[in-house]
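A.B. asks: Got input03.csv for you, CSV, C-alpha atoms:
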chain,number,residue,atom,x,y,z
A,270,MET,CA,-38.2,-16.1,5.2
A,271,ILE,CA,-37.6,-14.4,8.5
A,272,PHE,CA,-33.9,-13.4,8.9
A,273,ILE,CA,-31.7,-12.4,11.7
A,274,PRO,CA,-28.0,-11.7,11.1
A,275,GLU,CA,-25.7,-14.6,12.2
A,276,ASN,CA,-23.3,-12.1,13.8
A,277,ASN,CA,-26.0,-10.7,15.9
A,278,PRO,CA,-28.2,-13.6,17.1
A,279,ASP,CA,-29.4,-12.0,20.3
A,280,ASN,CA,-30.7,-8.8,18.7
A,281,SER,CA,-28.0,-6.7,20.6
A,282,GLU,CA,-27.0,-3.3,19.5
A,283,THR,CA,-24.7,-3.1,16.4
A,284,GLU,CA,-21.7,-0.8,16.1
A,285,ASN,CA,-23.8,2.2,15.1
A,286,GLY,CA,-25.8,1.8,18.2
A,287,LYS,CA,-29.0,0.6,16.5
A,288,LYS,CA,-30.7,-2.7,16.8
A,289,PRO,CA,-31.6,-4.7,13.7
A,290,TYR,CA,-35.3,-5.1,13.0
A,291,ILE,CA,-36.7,-8.5,13.9
A,292,HIS,CA,-40.2,-9.4,13.0
A,293,PRO,CA,-42.3,-9.9,16.2
A,294,SER,CA,-43.3,-13.4,15.2
A,295,PHE,CA,-39.6,-14.4,15.0
A,296,ALA,CA,-38.9,-12.7,18.3
A,297,ARG,CA,-41.6,-14.9,19.9
A,298,VAL,CA,-40.1,-18.0,18.4
A,299,ILE,CA,-36.7,-17.0,19.9
A,300,GLN,CA,-38.3,-16.4,23.3
A,301,GLN,CA,-40.2,-19.7,23.2
A,302,ARG,CA,-37.1,-21.6,22.1
A,303,GLU,CA,-35.2,-20.2,25.1
A,304,ARG,CA,-38.1,-21.2,27.5
A,305,LEU,CA,-38.2,-24.7,26.1
A,306,LYS,CA,-34.4,-25.0,26.4
A,307,SER,CA,-34.8,-24.3,30.1
A,308,LYS,CA,-37.9,-26.5,30.5
A,309,LEU,CA,-36.4,-29.5,28.8
A,310,ALA,CA,-32.9,-29.1,30.3
A,311,ASN,CA,-33.3,-32.5,32.0
A,312,ILE,CA,-33.8,-34.4,28.7
A,313,ARG,CA,-30.3,-35.3,27.5
A,314,HIS,CA,-31.2,-36.4,23.9
A,315,LYS,CA,-34.1,-35.6,21.7
A,316,ILE,CA,-34.4,-37.7,18.5
A,317,GLY,CA,-37.1,-37.2,15.8
A,318,VAL,CA,-38.3,-40.1,13.7
A,319,TYR,CA,-39.4,-38.6,10.4
A,320,SER,CA,-40.3,-39.0,6.8
A,321,ALA,CA,-42.4,-36.8,4.5
A,322,LYS,CA,-44.0,-40.0,3.1
A,323,GLY,CA,-46.9,-41.5,5.1
A,324,GLY,CA,-47.1,-45.3,5.5
A,325,VAL,CA,-43.3,-46.0,5.7
A,326,GLY,CA,-43.5,-47.1,9.4
A,327,LYS,CA,-42.4,-44.1,11.4
A,328,THR,CA,-44.4,-45.1,14.4
A,329,THR,CA,-43.1,-48.7,14.2
A,330,ILE,CA,-39.6,-47.4,14.2
A,331,ALA,CA,-40.2,-44.8,17.0
A,332,VAL,CA,-42.0,-47.3,19.3
A,333,ASN,CA,-39.4,-50.0,19.0
A,334,LEU,CA,-36.5,-47.6,19.2
A,335,ALA,CA,-37.9,-46.1,22.4
A,336,TYR,CA,-38.3,-49.5,24.1
A,337,THR,CA,-34.9,-50.6,22.8
A,338,PHE,CA,-33.3,-47.7,24.6
A,339,LYS,CA,-35.3,-48.5,27.7
A,340,ASN,CA,-34.0,-52.1,27.6
A,341,MET,CA,-30.5,-50.7,27.4
A,342,GLY,CA,-31.0,-49.1,30.7
A,343,PHE,CA,-31.9,-45.6,29.7
A,344,LYS,CA,-34.8,-43.4,30.9
A,345,VAL,CA,-37.0,-42.8,27.9
A,346,GLY,CA,-40.0,-40.7,26.8
A,347,LEU,CA,-42.0,-41.2,23.7
A,348,LEU,CA,-44.1,-38.4,22.1
A,349,ASP,CA,-46.7,-38.9,19.4
A,350,ALA,CA,-46.3,-35.6,17.5
A,351,ASP,CA,-48.8,-36.7,14.9
A,352,ILE,CA,-51.4,-34.5,16.5
A,353,ASP,CA,-54.4,-35.0,14.2
A,354,CYS,CA,-53.8,-38.7,13.4
A,355,PRO,CA,-52.3,-40.2,16.6
A,356,ASN,CA,-51.5,-43.9,16.5
A,357,ILE,CA,-49.0,-44.6,19.3
A,358,THR,CA,-51.7,-45.5,21.8
A,359,LEU,CA,-53.0,-48.2,19.4
A,360,PHE,CA,-49.5,-49.6,18.9
A,361,LEU,CA,-49.0,-49.8,22.7
A,362,GLY,CA,-52.5,-50.9,23.7
A,363,ILE,CA,-52.9,-47.8,25.9
A,364,ASP,CA,-56.5,-46.8,26.9
A,365,ASP,CA,-55.4,-44.3,29.7
A,366,LYS,CA,-56.1,-40.6,29.4
A,367,ILE,CA,-54.0,-37.7,30.5
A,368,VAL,CA,-55.7,-35.6,33.1
A,369,PRO,CA,-56.3,-32.2,31.4
A,370,THR,CA,-54.6,-30.1,34.1
A,371,TYR,CA,-51.1,-28.5,33.9
A,372,PRO,CA,-48.5,-29.8,34.0
A,373,LEU,CA,-49.7,-32.7,31.9
A,374,GLU,CA,-48.5,-36.1,33.1
A,375,PRO,CA,-47.4,-38.7,30.5
A,376,VAL,CA,-48.7,-42.2,30.8
A,377,LEU,CA,-46.1,-44.7,32.0
A,378,LYS,CA,-46.2,-47.8,29.8
A,379,ASP,CA,-43.7,-50.6,30.6
A,380,GLY,CA,-41.2,-48.1,31.9
A,381,VAL,CA,-41.5,-45.5,29.1
A,382,LYS,CA,-43.3,-42.2,29.5
A,383,VAL,CA,-45.8,-41.8,26.6
A,384,ALA,CA,-47.8,-38.8,25.5
A,385,SER,CA,-50.2,-38.5,22.6
A,386,THR,CA,-53.2,-36.4,21.5
A,387,ALA,CA,-55.2,-39.7,21.7
A,388,MET,CA,-54.8,-39.5,25.5
A,389,VAL,CA,-56.2,-36.0,25.6
A,390,VAL,CA,-59.0,-35.7,23.1
A,391,ASP,CA,-62.2,-37.7,23.6
A,392,GLU,CA,-63.7,-39.8,20.8
A,393,VAL,CA,-60.2,-40.3,19.3
A,394,LYS,CA,-61.6,-42.6,16.6
A,395,LYS,CA,-63.3,-39.6,15.1
A,396,PRO,CA,-61.2,-37.3,12.9
A,397,ILE,CA,-59.4,-34.5,14.8
A,398,ILE,CA,-60.1,-31.5,12.4
A,399,TRP,CA,-57.7,-28.8,13.6
A,400,ARG,CA,-56.0,-25.9,11.8
A,401,GLY,CA,-52.3,-25.3,12.1
A,402,ALA,CA,-52.6,-23.0,15.1
A,403,LEU,CA,-54.3,-25.6,17.2
A,404,ILE,CA,-51.8,-28.3,16.2
A,405,THR,CA,-48.9,-25.9,17.1
A,406,LYS,CA,-50.6,-25.2,20.5
A,407,MET,CA,-50.9,-28.9,21.3
A,408,LEU,CA,-47.3,-29.5,20.4
A,409,SER,CA,-46.3,-26.6,22.6
A,410,ASP,CA,-48.3,-28.1,25.5
A,411,PHE,CA,-46.4,-31.4,25.0
A,412,PHE,CA,-43.1,-29.6,25.2
A,413,GLU,CA,-43.7,-26.7,27.6
A,414,ASN,CA,-46.5,-27.9,29.9
A,415,THR,CA,-45.8,-31.6,30.2
A,416,ASN,CA,-43.8,-33.1,33.1
A,417,TRP,CA,-41.3,-35.3,31.3
A,418,GLY,CA,-38.9,-35.3,34.3
A,419,ASP,CA,-35.4,-36.6,33.8
A,420,LEU,CA,-34.9,-38.5,30.6
A,421,ASP,CA,-31.9,-39.8,28.7
A,422,TYR,CA,-33.9,-39.9,25.4
A,423,LEU,CA,-37.1,-38.4,24.2
A,424,ILE,CA,-38.2,-40.1,21.0
A,425,ILE,CA,-40.5,-38.0,18.9
A,426,ASP,CA,-42.7,-39.7,16.3
A,427,LEU,CA,-43.4,-37.0,13.6
A,428,PRO,CA,-46.3,-36.9,11.2
A,429,PRO,CA,-45.7,-37.1,7.4
A,430,GLY,CA,-45.3,-33.9,5.4
A,431,THR,CA,-43.1,-30.8,5.7
A,432,SER,CA,-45.6,-28.3,7.3
A,433,ASP,CA,-46.9,-27.3,10.7
A,434,ALA,CA,-45.8,-30.1,13.1
A,435,PRO,CA,-42.3,-30.8,11.7
A,436,LEU,CA,-41.7,-27.1,11.2
A,437,THR,CA,-42.7,-26.3,14.8
A,438,ILE,CA,-40.5,-29.0,16.2
A,439,MET,CA,-37.5,-27.9,14.1
A,440,GLN,CA,-38.0,-24.2,15.0
A,441,LEU,CA,-38.5,-24.6,18.7
A,442,LEU,CA,-36.4,-27.6,20.0
A,443,GLU,CA,-32.7,-28.2,20.2
A,444,MET,CA,-32.7,-31.6,18.7
A,445,ASP,CA,-29.9,-34.1,18.5
A,446,GLY,CA,-31.3,-34.8,15.0
A,447,PHE,CA,-33.6,-36.9,13.0
A,448,VAL,CA,-33.8,-40.5,11.9
A,449,ILE,CA,-35.2,-40.6,8.4
A,450,VAL,CA,-37.4,-43.6,7.7
A,451,THR,CA,-37.8,-45.0,4.2
A,452,THR,CA,-38.8,-48.2,2.4
A,453,PRO,CA,-37.3,-49.8,-0.7
A,454,GLN,CA,-39.8,-48.0,-3.0
A,455,LYS,CA,-38.6,-45.1,-5.2
A,456,ILE,CA,-41.5,-42.8,-4.1
A,457,ALA,CA,-40.5,-43.3,-0.4
A,458,ALA,CA,-36.9,-42.5,-1.2
A,459,ILE,CA,-37.9,-39.3,-3.0
A,460,ASN,CA,-40.0,-38.1,0.0
A,461,SER,CA,-37.4,-39.2,2.5
A,462,ILE,CA,-34.8,-37.0,0.7
A,463,ARG,CA,-37.3,-34.1,1.0
A,464,SER,CA,-37.6,-34.8,4.7
A,465,GLY,CA,-33.9,-34.7,5.3
A,466,LEU,CA,-33.4,-31.6,3.1
A,467,MET,CA,-36.0,-29.8,5.2
A,468,ALA,CA,-34.2,-30.7,8.4
A,469,LYS,CA,-30.8,-29.6,7.0
A,470,ARG,CA,-32.3,-26.3,5.7
A,471,LEU,CA,-33.4,-25.6,9.3
A,472,SER,CA,-29.9,-26.4,10.6
A,473,MET,CA,-30.9,-29.8,12.0
A,474,ALA,CA,-28.8,-33.0,11.8
A,475,VAL,CA,-29.8,-36.1,9.9
A,476,LEU,CA,-28.6,-38.9,12.2
A,477,GLY,CA,-29.1,-41.6,9.7
A,478,ILE,CA,-31.5,-43.6,7.5
A,479,VAL,CA,-33.5,-46.7,8.5
A,480,GLU,CA,-35.0,-48.8,5.7
A,481,ASN,CA,-38.3,-50.4,6.9
A,482,MET,CA,-40.1,-53.2,5.1
A,483,SER,CA,-36.7,-54.3,3.8
A,484,ASN,CA,-35.6,-57.6,2.3
A,485,GLY,CA,-32.7,-57.6,4.7
A,486,ALA,CA,-30.2,-55.6,2.6
A,487,ALA,CA,-30.4,-51.9,1.9
A,488,SER,CA,-32.0,-51.2,-1.4
A,489,GLU,CA,-30.5,-49.0,-4.1
A,490,ASN,CA,-33.2,-46.4,-3.4
A,491,SER,CA,-32.2,-46.2,0.3
A,492,LYS,CA,-28.6,-45.9,-0.8
A,493,THR,CA,-29.6,-43.0,-2.9
A,494,VAL,CA,-31.2,-41.4,0.2
A,495,SER,CA,-28.1,-42.0,2.1
A,496,LYS,CA,-25.9,-40.4,-0.6
A,497,GLU,CA,-28.2,-37.4,-1.1
A,498,LEU,CA,-28.4,-36.6,2.6
A,499,ASN,CA,-24.8,-37.5,3.4
A,500,ALA,CA,-26.0,-39.8,6.2
A,501,GLU,CA,-25.3,-43.4,7.0
A,502,ILE,CA,-27.8,-46.2,6.8
A,503,LEU,CA,-28.3,-47.1,10.4
A,504,GLY,CA,-29.9,-50.4,9.7
A,505,THR,CA,-32.8,-52.3,8.0
A,506,VAL,CA,-36.0,-53.7,9.5
A,507,LYS,CA,-37.2,-56.7,7.5
A,508,TYR,CA,-40.7,-57.0,6.2
A,509,ASP,CA,-42.3,-59.3,8.7
A,510,PRO,CA,-46.0,-60.0,9.1
A,511,ALA,CA,-45.4,-60.8,12.7
A,512,LEU,CA,-44.2,-57.3,13.4
A,513,GLN,CA,-47.5,-55.9,12.1
A,514,ALA,CA,-49.5,-58.5,14.0
A,515,PHE,CA,-47.8,-57.6,17.3
A,516,SER,CA,-48.4,-53.9,16.8
A,517,ASP,CA,-52.0,-54.5,15.8
A,518,ALA,CA,-52.4,-56.4,19.1
A,519,GLY,CA,-50.9,-53.6,21.1
A,520,LYS,CA,-47.8,-55.6,21.9
A,521,ILE,CA,-44.2,-54.3,21.7
A,522,PRO,CA,-42.5,-56.3,18.9
A,523,ILE,CA,-39.0,-56.2,20.4
A,524,TYR,CA,-40.4,-58.0,23.5
A,525,GLU,CA,-42.1,-60.7,21.4
A,526,ASP,CA,-39.4,-61.6,18.8
A,527,LYS,CA,-35.6,-61.8,19.3
A,528,GLY,CA,-34.9,-61.2,15.6
A,529,ILE,CA,-36.8,-57.9,15.6
A,530,ALA,CA,-35.2,-57.0,18.9
A,531,ASP,CA,-31.7,-57.6,17.4
A,532,GLU,CA,-32.5,-55.3,14.4
A,533,PHE,CA,-33.5,-52.4,16.6
A,534,HIS,CA,-30.6,-53.0,19.1
A,535,ALA,CA,-28.2,-52.6,16.2
A,536,ILE,CA,-29.8,-49.3,15.2
A,537,ALA,CA,-29.9,-48.0,18.7
A,538,GLU,CA,-26.2,-48.8,19.3
A,539,LYS,CA,-25.4,-46.4,16.4
A,540,LEU,CA,-27.5,-43.7,17.9
A,541,LYS,CA,-26.2,-43.8,21.4
Output the file's structure in the form of C-alpha coordinates.

C.D. replies:
Amino acid sequence: MIFIPENNPDNSETENGKKPYIHPSFARVIQQRERLKSKLANIRHKIGVYSAKGGVGKTTIAVNLAYTFKNMGFKVGLLDADIDCPNITLFLGIDDKIVPTYPLEPVLKDGVKVASTAMVVDEVKKPIIWRGALITKMLSDFFENTNWGDLDYLIIDLPPGTSDAPLTIMQLLEMDGFVIVTTPQKIAAINSIRSGLMAKRLSMAVLGIVENMSNGAASENSKTVSKELNAEILGTVKYDPALQAFSDAGKIPIYEDKGIADEFHAIAEKLK
(Lines of atoms letter the chains of each structure in order from A and count residues from 1; the text may use other names and numbers.)
(Lines give C-alpha, C1' and ligand atoms only; values in the text may rest on other atoms or scores of the structure.)
Protein backbone atom coordinates (compact mmCIF):
# COMPACT_ATOMS: atom_id res chain seq x y z
CA MET A 1 0.00 0.00 0.00
CA ILE A 2 1.23 3.50 -0.87
CA PHE A 3 1.17 5.72 2.19
CA ILE A 4 1.31 9.43 2.84
CA PRO A 5 1.10 10.77 6.41
CA GLU A 6 -2.32 12.22 7.24
CA ASN A 7 -0.71 15.23 8.92
CA ASN A 8 1.21 16.07 5.75
CA PRO A 9 -1.17 15.40 2.83
CA ASP A 10 0.36 17.97 0.47
CA ASN A 11 3.94 16.65 0.78
CA SER A 12 5.09 19.91 2.39
CA GLU A 13 8.24 20.15 4.46
CA THR A 14 8.16 18.68 7.96
CA GLU A 15 9.60 20.24 11.09
CA ASN A 16 13.10 18.98 10.34
CA GLY A 17 12.99 20.66 6.93
CA LYS A 18 12.78 17.41 4.94
CA LYS A 19 9.96 16.23 2.72
CA PRO A 20 8.60 12.71 3.25
CA TYR A 21 9.22 10.26 0.41
CA ILE A 22 6.20 9.75 -1.82
CA HIS A 23 6.30 7.09 -4.50
CA PRO A 24 6.09 8.74 -7.96
CA SER A 25 2.99 6.71 -8.91
CA PHE A 26 1.15 8.06 -5.88
CA ALA A 27 2.29 11.59 -6.66
CA ARG A 28 0.77 11.21 -10.14
CA VAL A 29 -2.50 10.05 -8.62
CA ILE A 30 -2.57 13.14 -6.37
CA GLN A 31 -1.88 15.41 -9.34
CA GLN A 32 -4.54 13.77 -11.51
CA ARG A 33 -7.05 13.90 -8.66
CA GLU A 34 -6.49 17.65 -8.33
CA ARG A 35 -6.87 18.14 -12.09
CA LEU A 36 -10.12 16.20 -12.09
CA LYS A 37 -11.42 18.14 -9.11
CA SER A 38 -11.01 21.29 -11.18
CA LYS A 39 -12.29 19.77 -14.44
CA LEU A 40 -15.44 18.36 -12.81
CA ALA A 41 -16.12 21.33 -10.55
CA ASN A 42 -19.43 21.99 -12.32
CA ILE A 43 -20.80 18.57 -11.36
CA ARG A 44 -22.48 18.97 -7.99
CA HIS A 45 -22.95 15.29 -7.11
CA LYS A 46 -21.25 12.10 -8.30
CA ILE A 47 -22.89 8.83 -7.32
CA GLY A 48 -21.58 5.37 -8.17
CA VAL A 49 -23.88 2.35 -8.58
CA TYR A 50 -21.83 -0.66 -7.60
CA SER A 51 -21.61 -4.29 -6.60
CA ALA A 52 -18.77 -6.77 -6.85
CA LYS A 53 -21.35 -9.34 -8.01
CA GLY A 54 -22.30 -9.38 -11.68
CA GLY A 55 -25.91 -9.84 -12.74
CA VAL A 56 -27.55 -8.02 -9.83
CA GLY A 57 -28.92 -5.23 -12.04
CA LYS A 58 -26.50 -2.35 -11.53
CA THR A 59 -27.21 -0.96 -15.00
CA THR A 60 -30.97 -1.22 -14.44
CA ILE A 61 -30.62 0.76 -11.22
CA ALA A 62 -28.20 3.31 -12.71
CA VAL A 63 -30.31 4.02 -15.81
CA ASN A 64 -33.61 4.38 -13.99
CA LEU A 65 -32.06 6.39 -11.15
CA ALA A 66 -30.52 8.81 -13.66
CA TYR A 67 -33.81 9.36 -15.46
CA THR A 68 -35.67 9.68 -12.18
CA PHE A 69 -33.37 12.54 -11.17
CA LYS A 70 -33.93 14.08 -14.62
CA ASN A 71 -37.70 13.88 -14.11
CA MET A 72 -37.28 15.62 -10.76
CA GLY A 73 -35.87 18.61 -12.62
CA PHE A 74 -32.13 17.98 -12.25
CA LYS A 75 -29.43 18.13 -14.93
CA VAL A 76 -28.06 14.61 -15.17
CA GLY A 77 -25.19 12.69 -16.77
CA LEU A 78 -24.89 8.91 -17.00
CA LEU A 79 -21.50 7.23 -17.42
CA ASP A 80 -21.05 3.57 -18.32
CA ALA A 81 -17.83 2.74 -16.45
CA ASP A 82 -18.03 -0.91 -17.46
CA ILE A 83 -15.34 -0.31 -20.08
CA ASP A 84 -14.94 -3.79 -21.56
CA CYS A 85 -18.59 -4.94 -21.33
CA PRO A 86 -20.64 -1.75 -21.90
CA ASN A 87 -24.44 -2.19 -21.83
CA ILE A 88 -26.02 1.20 -21.21
CA THR A 89 -26.44 1.89 -24.94
CA LEU A 90 -28.44 -1.34 -25.26
CA PHE A 91 -30.66 -0.39 -22.32
CA LEU A 92 -31.33 3.02 -23.88
CA GLY A 93 -31.53 2.02 -27.53
CA ILE A 94 -28.63 4.34 -28.45
CA ASP A 95 -26.86 3.77 -31.77
CA ASP A 96 -25.05 7.13 -31.86
CA LYS A 97 -21.27 7.31 -31.72
CA ILE A 98 -19.09 9.84 -29.92
CA VAL A 99 -16.85 11.72 -32.35
CA PRO A 100 -13.28 10.71 -31.37
CA THR A 101 -11.95 14.24 -30.95
CA TYR A 102 -11.26 16.02 -27.68
CA PRO A 103 -13.18 17.06 -25.76
CA LEU A 104 -15.49 14.08 -26.16
CA GLU A 105 -19.16 15.05 -26.33
CA PRO A 106 -21.65 12.78 -24.54
CA VAL A 107 -24.76 11.72 -26.42
CA LEU A 108 -27.95 13.45 -25.26
CA LYS A 109 -30.70 10.86 -24.78
CA ASP A 110 -34.09 12.14 -23.57
CA GLY A 111 -32.43 14.97 -21.68
CA VAL A 112 -29.64 12.94 -20.04
CA LYS A 113 -25.98 13.15 -21.16
CA VAL A 114 -24.72 9.61 -21.73
CA ALA A 115 -21.20 8.28 -22.38
CA SER A 116 -20.07 4.68 -22.90
CA THR A 117 -17.25 2.77 -24.53
CA ALA A 118 -19.91 1.37 -26.86
CA MET A 119 -20.15 4.86 -28.38
CA VAL A 120 -16.40 5.00 -29.02
CA VAL A 121 -15.26 1.52 -30.04
CA ASP A 122 -16.40 0.04 -33.35
CA GLU A 123 -17.74 -3.50 -33.53
CA VAL A 124 -18.97 -3.24 -29.95
CA LYS A 125 -20.68 -6.63 -30.17
CA LYS A 126 -17.21 -8.18 -30.31
CA PRO A 127 -15.27 -8.52 -27.04
CA ILE A 128 -13.20 -5.54 -25.95
CA ILE A 129 -10.00 -7.26 -24.84
CA TRP A 130 -8.06 -4.60 -22.96
CA ARG A 131 -5.56 -4.77 -20.14
CA GLY A 132 -5.92 -2.61 -17.05
CA ALA A 133 -3.85 0.27 -18.41
CA LEU A 134 -6.20 0.78 -21.37
CA ILE A 135 -9.27 0.53 -19.13
CA THR A 136 -7.79 3.16 -16.83
CA LYS A 137 -6.95 5.40 -19.81
CA MET A 138 -10.52 5.18 -21.15
CA LEU A 139 -11.94 6.03 -17.74
CA SER A 140 -9.59 9.00 -17.49
CA ASP A 141 -10.82 10.21 -20.88
CA PHE A 142 -14.42 10.01 -19.69
CA PHE A 143 -13.54 12.13 -16.66
CA GLU A 144 -10.81 14.46 -17.83
CA ASN A 145 -11.47 14.83 -21.56
CA THR A 146 -15.26 14.74 -21.78
CA ASN A 147 -17.46 17.82 -21.88
CA TRP A 148 -20.03 17.05 -19.20
CA GLY A 149 -20.86 20.73 -18.68
CA ASP A 150 -22.98 21.75 -15.69
CA LEU A 151 -24.65 18.80 -13.99
CA ASP A 152 -26.53 18.31 -10.77
CA TYR A 153 -25.84 14.55 -10.82
CA LEU A 154 -23.41 12.27 -12.60
CA ILE A 155 -24.51 8.67 -12.15
CA ILE A 156 -21.69 6.19 -12.72
CA ASP A 157 -22.56 2.57 -13.55
CA LEU A 158 -19.58 0.55 -12.31
CA PRO A 159 -18.54 -2.91 -13.48
CA PRO A 160 -18.51 -5.87 -11.09
CA GLY A 161 -15.37 -6.76 -9.19
CA THR A 162 -12.94 -4.88 -6.99
CA SER A 163 -10.11 -4.19 -9.43
CA ASP A 164 -9.08 -1.65 -12.08
CA ALA A 165 -12.22 0.35 -12.91
CA PRO A 166 -13.71 0.66 -9.39
CA LEU A 167 -10.26 1.29 -7.91
CA THR A 168 -9.51 4.02 -10.46
CA ILE A 169 -12.81 5.78 -9.76
CA MET A 170 -12.35 5.61 -6.00
CA GLN A 171 -8.77 6.86 -6.19
CA LEU A 172 -9.34 9.73 -8.61
CA LEU A 173 -12.81 11.17 -8.01
CA GLU A 174 -14.36 13.03 -5.13
CA MET A 175 -17.55 11.02 -4.95
CA ASP A 176 -20.65 11.65 -2.87
CA GLY A 177 -20.58 7.90 -2.42
CA PHE A 178 -21.87 4.59 -3.72
CA VAL A 179 -25.23 2.90 -3.93
CA ILE A 180 -24.66 -0.82 -3.38
CA VAL A 181 -26.96 -3.08 -5.40
CA THR A 182 -27.82 -6.54 -4.17
CA THR A 183 -30.52 -9.18 -4.64
CA PRO A 184 -32.20 -11.51 -2.12
CA GLN A 185 -29.62 -14.26 -2.77
CA LYS A 186 -26.92 -14.95 -0.17
CA ILE A 187 -24.08 -14.92 -2.73
CA ALA A 188 -25.14 -11.45 -3.89
CA ALA A 189 -25.17 -10.25 -0.29
CA ILE A 190 -21.66 -11.57 0.37
CA ASN A 191 -20.27 -9.80 -2.69
CA SER A 192 -22.20 -6.63 -1.95
CA ILE A 193 -20.57 -6.49 1.46
CA ARG A 194 -17.18 -6.83 -0.25
CA SER A 195 -18.08 -3.90 -2.50
CA GLY A 196 -19.04 -1.68 0.37
CA LEU A 197 -15.98 -2.61 2.41
CA MET A 198 -13.74 -1.73 -0.53
CA ALA A 199 -15.39 1.69 -0.77
CA LYS A 200 -15.01 2.27 2.96
CA ARG A 201 -11.37 1.16 2.92
CA LEU A 202 -10.73 3.84 0.30
CA SER A 203 -12.53 6.45 2.43
CA MET A 204 -15.66 6.47 0.27
CA ALA A 205 -19.20 6.72 1.61
CA VAL A 206 -21.78 3.99 1.20
CA LEU A 207 -24.98 5.93 0.60
CA GLY A 208 -27.27 2.96 0.97
CA ILE A 209 -28.42 -0.41 -0.31
CA VAL A 210 -30.91 -1.18 -3.08
CA GLU A 211 -32.36 -4.68 -3.27
CA ASN A 212 -33.14 -5.53 -6.88
CA MET A 213 -35.29 -8.47 -8.05
CA SER A 214 -37.08 -8.23 -4.71
CA ASN A 215 -40.39 -9.69 -3.62
CA GLY A 216 -41.28 -6.24 -2.30
CA ALA A 217 -39.83 -6.42 1.20
CA ALA A 218 -36.13 -6.35 2.00
CA SER A 219 -34.76 -9.87 2.46
CA GLU A 220 -32.80 -11.03 5.49
CA ASN A 221 -29.69 -11.16 3.31
CA SER A 222 -30.11 -7.51 2.31
CA LYS A 223 -30.64 -6.61 5.95
CA THR A 224 -27.32 -8.31 6.67
CA VAL A 225 -25.64 -6.15 4.01
CA SER A 226 -27.19 -3.07 5.59
CA LYS A 227 -25.96 -4.06 9.06
CA GLU A 228 -22.44 -5.00 7.94
CA LEU A 229 -21.97 -1.75 6.01
CA ASN A 230 -23.85 0.42 8.50
CA ALA A 231 -25.94 1.80 5.64
CA GLU A 232 -29.69 2.08 5.22
CA ILE A 233 -31.76 0.14 2.72
CA LEU A 234 -32.83 2.86 0.30
CA GLY A 235 -35.53 0.77 -1.29
CA THR A 236 -36.48 -2.35 -3.16
CA VAL A 237 -37.14 -2.89 -6.86
CA LYS A 238 -39.54 -5.77 -7.36
CA TYR A 239 -38.83 -8.60 -9.74
CA ASP A 240 -40.92 -7.70 -12.76
CA PRO A 241 -40.63 -9.26 -16.23
CA ALA A 242 -41.95 -5.99 -17.67
CA LEU A 243 -38.89 -4.13 -16.40
CA GLN A 244 -36.60 -6.51 -18.27
CA ALA A 245 -38.78 -6.35 -21.39
CA PHE A 246 -38.65 -2.53 -21.46
CA SER A 247 -34.86 -2.56 -21.03
CA ASP A 248 -34.41 -5.21 -23.75
CA ALA A 249 -36.45 -3.02 -26.09
CA GLY A 250 -34.30 0.05 -25.36
CA LYS A 251 -37.11 1.75 -23.46
CA ILE A 252 -36.70 3.52 -20.12
CA PRO A 253 -38.83 1.56 -17.62
CA ILE A 254 -39.78 4.51 -15.41
CA TYR A 255 -41.38 6.13 -18.47
CA GLU A 256 -43.39 3.01 -19.23
CA ASP A 257 -44.72 1.85 -15.85
CA LYS A 258 -45.94 3.99 -12.93
CA GLY A 259 -45.20 1.30 -10.34
CA ILE A 260 -41.55 1.11 -11.45
CA ALA A 261 -41.37 4.91 -11.51
CA ASP A 262 -42.67 5.11 -7.95
CA GLU A 263 -40.06 2.64 -6.68
CA PHE A 264 -37.22 4.67 -8.16
CA HIS A 265 -38.68 7.98 -7.07
CA ALA A 266 -38.67 6.76 -3.46
CA ILE A 267 -34.99 5.78 -3.77
CA ALA A 268 -34.01 9.07 -5.43
CA GLU A 269 -35.74 11.09 -2.72
CA LYS A 270 -33.46 9.50 -0.12
CA LEU A 271 -30.37 10.33 -2.20
CA LYS A 272 -31.21 14.00 -2.91

A.B. asks: So what do you get for CA of Lys344 in chain A versus CA of Ala468 in chain A, distance-wise?

C.D. replies: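 CA of Ala468 in chain A lies 25.8 Å from CA of Lys344 in chain A.
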
A.B. asks: Hey, what's within 8 Å of Asn311 in chain A if we count all atoms listed in the file and toss same-chain stuff fewer than 5 positions away? As a PDB file with C-alpha atoms, in the frame of the given file, please?

C.D. replies:
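This is the output file around_9.pdb:
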ATOM      1  CA  GLY A 418     -38.900 -35.300  34.300  1.00  0.00           C
ATOM      2  CA  ASP A 419     -35.400 -36.600  33.800  1.00  0.00           C
ATOM      3  CA  LEU A 420     -34.900 -38.500  30.600  1.00  0.00           C
TER       4      LEU A 420
END

A.B. asks: I'd like the neighbourhood of range 507-512 of chain A as a VMD selection string, where a residue qualifies if any of its atoms comes within 10 Å (using only C-alpha atoms), though same-chain residues fewer than 2 positions away should be ignored.

C.D. replies: chain A and resid 329 452 480 to 486 504 to 505 514 to 517 520 to 523 525 to 526 528 to 529 532

A.B. asks: Any idea what's packed within 8 Å of Asp365 in chain A, counting all atoms listed in the file, ignoring anything in its chain fewer than 2 positions away? Could you give it as a PyMOL selection string?

C.D. replies: chain A and resi 363+367+376+388

A.B. asks: Name the closest residue to Arg313 in chain A among the candidates A:Ala518, A:Ile438, A:Leu503, A:Met444; distances are taken between atoms, counting all atoms listed in the file.

C.D. replies: A:Met444

A.B. asks: Could you please determine the separation between CA of Asn356 in chain A and CA of Ala487 in chain A in Å, to one decimal place?

C.D. replies: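 Spanning CA of Asn356 in chain A to CA of Ala487 in chain A is a straight-line distance of 26.9 Å.
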